Every structure is written in structure tokens, then in C-alpha cells.
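Notes for the one structure printed next.
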Amino acid sequence: MLGLAVGDAVGAVVEALPPEAARSYVEGVLRPGRIPARGRESFPFGQVTDDTQLARELLLSIGEDGVLDPGEFAERLLNLVTSGDLVGGGPATVTAARRLALGLPWREAGTPAPYAGNGAAMRAAPLGVLYGHDSRLLAGVVADQARVTHQDPRAGAGALAIAVAAAIAARRDPVMPAQFLAEVSEAVQAVHASTAADLLAIAGWVELPPVEALAALRTQGLEPTAAQGWRGISSHVTASVGWSLYAFLQSPDGYWEAICTAVAVGGDSDTLAAMTGGIAGARLGAAAVPMQYRERLTDRGRWSAAELLDLAATVHRRVGHGIP
């Protein structure tokens with residue numbers, strides 16, 4: 001959760017900017033370990049966006065019995081939107097809130113196909129840590145939370161891919177990229193076979209440097225034609241999940257390097273870094289997340305990184321793992 005939140009806050013600074021601007025930010029600010037002069041829009045650096053906000057609401061929707069209540073998550077999402085507190089919310093989240101306010105049940109609130117944004121995937125990594133011990137349970141939990149905002153099966157498949165990646169990473173075994181991608185692909189197969197094939201095919205270019213990998217991603221067709229106007233990687237779920245897996249696999253034992261790879265491509269940089277950071281955080285733990293960035297995390301002063309960690313630890317115990 002901490003890895004996701006710092007990735008979100010760091011990536012938000014250059015969201016929607018082209019690769020050239022994102023690379024300059026990475027080389028001039030992030031790699032030297034400097035603190036960005038500002039955050040998203042008029043916020044100070046450290047303010048999180050909807051990626052972290054909705055991941056946090058997911059954790060808060062897990063009851064004392066360790067079971068996620070999608071109905072409560074839907075209510076929390078609605079409250080977040082109607083209060084005006086959602087930062088950078090995507091169209092699926094806003095549309096879901098509108099439908100929920102009209103009385104639609106959570107199962108019917110999500111935007112149907114062909115809309116396949118990454119909103120369900122951006123918040124899914126913590127679920128992989130919590131429920132990764134039971135693949136069937138994990139698939140069900142991820143599908144339920146995705147359905148609140150996204151009905152397109154590609155969105156659900158992308159969310160499951162990120163959750164499974166986090167679950168694999170949390171084992172802390174040596175990471176073999178081809179094997180890693182094969183396991184993620186196999187888990188996604190039952191949800192959306194085409195997405196599973198796309199993720200497996202990343203093995204063909206996962207060893208390439210970023211500029212060549214970006215070209216390969218586009219050649220493979222992970223970005224739909226409608227997203228070609230984006231500068232960098234778009235919010236389309238398959239493209240952004242694919243890049244996040246690539247960024248993690250480039251540096252599975254280096255949290256900050258993985259974040260830099262995720263951000264430097266440009267485009268939907270906050271979500272790319274949130275998904276990458278969630279996976280890397282699952283593998284490397286809180287100690288790998290640089291203190292100078294984590295200590296600035298907040299949502300308008302309502303919580304700190306320490307409180308976020310306390311929440312995650314509490315939920316982890318509820319699910320039955322215990323905290324060593």
C-alpha cells in the first residue's frame with residue numbers, strides 16, 4: 001500500500017505530459033532523490049490522487065471477518081465523489097457514482113464495454129497481498145471491486161493481473177520474467193483470453209531498454225487506435241498494466257528504479273507508478289520506499305504514511321495472516 005501511494009504521488013507531478021518531459025523529471029528530480037517543487041495541479045507534493053484514495057477505501061471496506069464488502073466500497077466511492085474530495089477521478093469512477101446515486105446496485109454501476117480504463121487495476125495490488133494465498137478467492141474479490149466501476153472484462157482482467165503480480169512478488173522468490181508473466185497470464189486466462197495472451201507476449205520485449213520496449217508495446221497493439229493521441233502510455237488497461245509489469249520486471253529488487261521506469265514513459269504516469277509501486281512494495285516492503293517521499297504522503301492532511309501503514313496492518317491481520 002505504501003509502495004502504491006508513493007508511486008501515485010510521484011507520478012502525479014507529470015501526469016499527461018509527454019515522455020520527454022517525464023524523462024527530464026525523472027533524471028533531474030527523482031533519480032537524484034530531490035523533492036518535487038509541487039504536486040498535482042495546485043496541491044503540494046505528497047498529495048495522493050484517486051489511485052491511492054480508492055485503494056484506501058477498498059481496505060476500509062474489508063470487515064472484521066476479513067471479507068471485502070463491495071457494497072460498502074461502492075458507498076465509500078460515492079461519498080468520495082459527492083464530497084468533492086476525489087482527486088483526478090476517471091470517467092468510470094464519476095459515472096459509477098452517478099449511477100449509484102440514482103439507486104443502481106453496485107453490480108450494475110460500472111461502465112460497460114468498450115470502455116476499458118485502468119481504474120480497477122490501479123487499486124488492486126494490495127488485494128494480491130491480502131488474498132493471494134487463495135487464487136479463487138482473489139479472483140472473486142478482484143472481480144467484485146472491479147465491477148463497481150468497470151464492466152468490460154478487459155478492465156477486470158487487468159485488475160487481476162496486477163493483483164496476481166503483487167501476490168507473486170510477495171513470495172519474495174527470485175523473479176524470472178518469462179515465468180512471472182506466464183503465471184500472471186494463466187491467472188487472467190479465464191477472465192479474458194485475449195488479455196492473457198497480450199500479457200504473455202510481453203516476454204518477447206521485457207528485456208529491451210525502455211525506448212525500444214515502448215515501441216514494441218505499440219507494435220504489439222496494446223494501445224488501441226483511439227489512444228494514440230496520448231503522449232506516453234494511456235489509461236487503457238492493457239497498455240498501462242503491460243507497462244507497469246515491464247517496469248517492475250526491469251528492476252524487481254529496486255523499488256525506486258522501478259518507479260523511475262514507470263514514470264519516465266509519460267502519459268498516465270500516476271497510475272503507472274501506483275501499479276508498479278504496489279507490486280514492488282509487495283516484494284520489497286516498506287523499508288524500500290524512500291523516507292523523504294513517504295513522509296510527505298497525505299490526503300489534504302487527513303492521514304499520514306504511518307496511519308496508512310496502520311490501516312494496512314490491521315486489515316492484513318483481519319484476513320488472517322498476522323503481522324510478524
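Please note that chains go A, B, ... in the order of the C-alpha cells, that every chain numbers its residues from 1, and that ligands are numbered from 1 in the order shown.
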
Original post:
Near Leu80 of chain A, within 12 Å and counting only C-alpha atoms, which residues show up once chain neighbours fewer than 4 positions away are dropped, as JSON, numbers by chain?
Top reply: {"A": [49, 50, 53, 54, 56, 57, 73, 74, 75, 76, 84, 85, 86, 87, 88, 89, 93, 94, 96, 97, 98, 299]}

Original post:
Got a sec: who's within 6 Å of segment 188-201 of chain A, counting only C-alpha atoms, leaving out chain neighbours fewer than 5 positions off, as a PyMOL selection string?
Top reply: chain A and resi 157+181-182

Report the closest atom pair, with its distance in Å rounded to one decimal, for each residue of segment 251-324 of chain A that has an atom no farther than 8 Å from segment 7-13 of chain A; count only C-alpha atoms, sort by chain and then rising residue number, and write it as JSON lines.
{"residue": "A:Ile259", "atom": "CA", "partner": "A:Gly7", "partner_atom": "CA", "distance": 6.3}
{"residue": "A:Val263", "atom": "CA", "partner": "A:Gly11", "partner_atom": "CA", "distance": 5.7}
{"residue": "A:Ser269", "atom": "CA", "partner": "A:Gly11", "partner_atom": "CA", "distance": 4.8}
{"residue": "A:Asp270", "atom": "CA", "partner": "A:Gly11", "partner_atom": "CA", "distance": 3.8}
{"residue": "A:Thr271", "atom": "CA", "partner": "A:Asp8", "partner_atom": "CA", "distance": 6.2}
{"residue": "A:Leu272", "atom": "CA", "partner": "A:Gly11", "partner_atom": "CA", "distance": 7.6}
{"residue": "A:Ala273", "atom": "CA", "partner": "A:Gly7", "partner_atom": "CA", "distance": 4.5}
{"residue": "A:Ala274", "atom": "CA", "partner": "A:Gly7", "partner_atom": "CA", "distance": 4.5}
{"residue": "A:Met275", "atom": "CA", "partner": "A:Gly7", "partner_atom": "CA", "distance": 7.8}
{"residue": "A:Thr276", "atom": "CA", "partner": "A:Gly7", "partner_atom": "CA", "distance": 7.4}
{"residue": "A:Gly277", "atom": "CA", "partner": "A:Gly7", "partner_atom": "CA", "distance": 5.3}
{"residue": "A:Gly278", "atom": "CA", "partner": "A:Gly7", "partner_atom": "CA", "distance": 8.0}
{"residue": "A:Leu297", "atom": "CA", "partner": "A:Ala9", "partner_atom": "CA", "distance": 7.4}

Quick one: write out the picked residues with N, CA and C atoms as a CSV table (one decimal), in the first residue's frame?
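Written file, selection.csv:
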chain,number,residue,atom,x,y,z
A,259,ILE,N,10.0,2.5,-10.1
A,259,ILE,CA,9.2,3.7,-10.2
A,259,ILE,C,9.7,4.7,-11.2
A,263,VAL,N,7.5,6.0,-14.5
A,263,VAL,CA,7.1,7.4,-14.7
A,263,VAL,C,7.7,8.0,-16.0
A,269,SER,N,1.0,8.7,-15.8
A,269,SER,CA,2.2,8.4,-15.0
A,269,SER,C,1.8,8.1,-13.6
A,270,ASP,N,0.8,8.7,-13.0
A,270,ASP,CA,0.5,8.4,-11.6
A,270,ASP,C,0.0,7.0,-11.4
A,271,THR,N,-0.8,6.5,-12.4
A,271,THR,CA,-1.4,5.2,-12.3
A,271,THR,C,-0.3,4.1,-12.7
A,272,LEU,N,0.5,4.4,-13.6
A,272,LEU,CA,1.6,3.5,-14.0
A,272,LEU,C,2.5,3.3,-12.8
A,273,ALA,N,2.8,4.4,-12.1
A,273,ALA,CA,3.7,4.3,-10.9
A,273,ALA,C,3.0,3.7,-9.7
A,274,ALA,N,1.7,3.9,-9.6
A,274,ALA,CA,1.0,3.3,-8.5
A,274,ALA,C,0.9,1.8,-8.7
A,275,MET,N,0.6,1.3,-9.9
A,275,MET,CA,0.6,-0.1,-10.1
A,275,MET,C,1.9,-0.8,-9.9
A,276,THR,N,3.0,-0.1,-10.5
A,276,THR,CA,4.3,-0.6,-10.4
A,276,THR,C,4.7,-0.6,-8.9
A,277,GLY,N,4.5,0.5,-8.2
A,277,GLY,CA,4.8,0.6,-6.8
A,277,GLY,C,4.1,-0.4,-5.9
A,278,GLY,N,2.9,-0.7,-6.2
A,278,GLY,CA,2.2,-1.7,-5.5
A,278,GLY,C,2.8,-3.1,-5.5
A,297,LEU,N,3.5,11.9,2.3
A,297,LEU,CA,2.2,11.4,1.8
A,297,LEU,C,1.1,11.9,2.7

Sorted by chain and rising residue number, list the residues of segment 114-224 of chain A at most 9 Å from segment 228-243 of chain A (counting only C-alpha atoms), each with its closest atom pair and distance in Å to one decimal, as a tab-separated table.
residue	atom	partner	partner_atom	distance
A:Tyr115	CA	A:His236	CA	8.5
A:Ala116	CA	A:Val237	CA	5.9
A:Gly117	CA	A:His236	CA	4.7
A:Asn118	CA	A:Val237	CA	4.2
A:Gly119	CA	A:Val237	CA	8.0
A:Ala120	CA	A:Val237	CA	8.7
A:Ala121	CA	A:Val237	CA	7.4
A:Met122	CA	A:Val241	CA	8.7
A:Arg154	CA	A:Val237	CA	7.1
A:Ala155	CA	A:Val237	CA	6.0
A:Ala157	CA	A:Thr238	CA	8.6
A:Gly158	CA	A:Val237	CA	6.0
A:Ala159	CA	A:Val241	CA	8.3
A:Ala161	CA	A:Val241	CA	7.6
A:Ile162	CA	A:Val241	CA	7.0
A:Thr195	CA	A:Thr238	CA	6.9
A:Asp198	CA	A:Thr238	CA	7.9
A:Leu199	CA	A:Gly242	CA	6.3
A:Ile202	CA	A:Gly242	CA	7.2
A:Ala213	CA	A:Trp243	CA	8.8
A:Leu214	CA	A:Trp243	CA	8.1
A:Leu217	CA	A:Ala239	CA	7.4
A:Arg218	CA	A:Ala239	CA	8.4
A:Gly221	CA	A:Ala239	CA	8.5
A:Leu222	CA	A:Ala239	CA	4.9
A:Glu223	CA	A:Ala239	CA	5.3
A:Pro224	CA	A:Gln228	CA	7.0

Original post:
When you draw a straight line from atom CA of Val289 of chain A to atom CA of Gly254 of chain A, how long is it in Å?
Top reply: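 Taking atom CA of Val289 of chain A as the start and atom CA of Gly254 of chain A as the end point, the length is 9.6 Å.
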
Subject >> Members of segment 56-235 of chain A assigned helix (DSSP H, G or I) by DSSP, as a PyMOL selection string >> reply: chain A and resi 56-60+70-82+91-101+106-108+125-131+135-147+153-171+177-188+193-204+210-220+225-227

**OP:** Please measure the separation of atom CA of Ala287 of chain A and atom CA of Ala37 of chain A, giving the value in Å to one decimal.
**Re:**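 Between these atoms lies a distance of 24.2 Å.
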
Subject >> Proximity to Leu308 of chain A - best of A:Ala143, A:Val164, A:Ala21, A:Leu60, only C-alpha atoms >> reply: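 Closest residue, counting only C-alpha atoms: A:Leu60.
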
**OP:** Using atom CA of Gln220 of chain A and atom CA of Tyr25 of chain A as the two end points, give the distance in Å to one decimal.
**Re:**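 Interatomic distance, atom CA of Gln220 of chain A to atom CA of Tyr25 of chain A: 27.6 Å.
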